[in-house]
Amino acid sequence: MRRYLYVSLAAAFGVIALKLGAWRLTGSVGFLSDALESLVNVVAAGFALLMVAIAGRPPDTDHPYGHTKAEYFSSALEGLLIGVAALGIAAEAVRRLLAPHPVHMVAAGAVLNVAATLINLAVARWMLGGAQRLRSIVLEADARHLLADVWTSVGVVLGVALVPLTGWLWLDPVVGIVVAGHIVGEAWRLVARSVDGLMDRSLPDSDLAEVEQVLRQFRCEDLRFDHVRTRRAGTRRFVGMHMHMPAQWSLGRAADCRLQVERALTQRIAGLVVTIEMLPQGQESLQDGGPGDGS
């Protein structure tokens with residue numbers, strides 16, 4: 001995972017240099033807004049590296065389930081930073097709207113911005129593949145931010161390019177305001193998803209279907225599963241359940257059956273942590289406290 005973040009960090013420095021160059025050449029507030037958004041990428045990638053290092057620590061006495069939820073703090077911070085950047089962009093755009101300034105060397109600035117946009121697009125697509133493979137919200141948040149940056153940059157280039165063609169000086173700050181609004185929406189989505197993750201959200205439907213398929217293979221007259229509950233924390237996945245069996249089974253037979261179920265689940269879903277409570281048929285645990293599938 002760190003390899004993806006290091007590449008993202010290096011790319012962010014290059015992208016900022018290109019976009020700031022575009023702004024210096026043209027004096028465009030649209031290009032400035034695009035550069036400020038990319039500046040957030042550097043801070044976010046650096047913080048993400050720190051959070052990944054914390055999330056990778058093994059479980060300890062104070063954190064028996066590990067530290068993987070640290071990833072959600074990185075995603076939430078990135079959303080907040082994006083929101084702060086959007087406010088700065090909007091303030092500068094309004095000031096320029098009230099006192100319009102001409103833009104210069106738009107073609108050269110556009111070339112620099114397009115080059116930066118292509119870099120972001122390549123890195124974002126690569127990171128999305130890694131996020132899906134590693135099930136990492138940190139990588140996904142960073143990649144989606146870069147994709148948002150790509151579409152923002154496309155709109156900025158088109159908007160700023162129209163200024164010398166139309167003579168509408170107000171168009172440049174309006175582009176900046178539109179960019180700010182787009183960034184605010186992206187920030188809200190990132191923060192909302194991070195908060196949702198901290199609330200122990202269940203596994204996605206695709207993983208729940210995989211769990212159900214595995215349990216279906218073991219269900220029979222002697223075996224029943226209920227109170228199947230799942231949650232996710234960063235890259236880790238957890239599932240717990242009750243396994244009911246005949247009271248006359250030996251402990252060894254019951255333990256062997258549980259081991260088979262655990263092995264089947266962990267082979268089907270990578271990184272899954274399985275907790276199975278064995279109970280005689282007709283008996284329930286005092287610690288149910290949640291919905292069961294009643295199967």
# chains A, B, ... in the order shown; residues from 1 in each chain; ligands from 1
call {"tool": "residues_around", "arguments": {"residues": "Ile276 in chain A", "least_positions_apart": "5", "cutoff": "8 Å", "atoms": "only C-alpha atoms", "output": "compact mmCIF listing (two decimals) with C-alpha atoms, in the first residue's frame"}}
result
# COMPACT_ATOMS: atom_id res chain seq x y z
CA GLY A 240 -19.28 -13.62 13.90
CA MET A 241 -22.05 -16.20 14.25
CA HIS A 242 -23.60 -18.96 16.35
CA MET A 243 -23.25 -22.55 15.18
CA ARG A 258 -16.10 -25.21 13.30
CA GLU A 262 -13.74 -21.02 9.38
call {"tool": "residues_around", "arguments": {"residues": "range 216-223 of chain A", "least_positions_apart": "2", "cutoff": "6 Å", "atoms": "only C-alpha atoms", "output": "list in words"}}
result
Gln213, Val214, His244 and Met245 of chain A
call {"tool": "write_last_selection", "arguments": {"atoms": "N, CA, C and O atoms", "output": "JSON list (two decimals), in the first residue's frame"}}
result
[["chain", "number", "residue", "atom", "x", "y", "z"],
["A", 213, "GLN", "N", -23.22, -18.22, 0.89],
["A", 213, "GLN", "CA", -22.94, -19.39, 0.05],
["A", 213, "GLN", "C", -22.13, -20.43, 0.80],
["A", 213, "GLN", "O", -22.37, -21.64, 0.69],
["A", 214, "VAL", "N", -21.16, -19.95, 1.59],
["A", 214, "VAL", "CA", -20.35, -20.89, 2.37],
["A", 214, "VAL", "C", -21.20, -21.60, 3.42],
["A", 214, "VAL", "O", -21.15, -22.83, 3.57],
["A", 244, "HIS", "N", -25.12, -23.97, 15.82],
["A", 244, "HIS", "CA", -25.86, -24.90, 16.67],
["A", 244, "HIS", "C", -25.70, -26.33, 16.16],
["A", 244, "HIS", "O", -25.80, -26.57, 14.95],
["A", 245, "MET", "N", -25.46, -27.25, 17.09],
["A", 245, "MET", "CA", -25.24, -28.65, 16.72],
["A", 245, "MET", "C", -25.87, -29.55, 17.78],
["A", 245, "MET", "O", -26.24, -29.07, 18.88]]
call {"tool": "closest_residue", "arguments": {"among": "A:Ala192, A:Ala45, A:Ile82, A:His63", "to": "Asp142 in chain A", "atoms": "only C-alpha atoms"}}
result
A:Ala45
call {"tool": "atom_distance", "arguments": {"atom1": "CA of Ala107 in chain A", "atom2": "CA of Ile183 in chain A"}}
result
25.0 Å
call {"tool": "closest_residue", "arguments": {"among": "A:Arg3, A:Arg236, A:Arg224, A:Arg263", "to": "Gly282 in chain A", "atoms": "only C-alpha atoms"}}
result
A:Arg224
call {"tool": "residues_around", "arguments": {"residues": "Arg201 in chain A", "least_positions_apart": "5", "cutoff": "9 Å", "atoms": "only C-alpha atoms", "output": "list in words"}}
result
Asp196, Thr230, Arg231, Arg232 and Ala233 of chain A
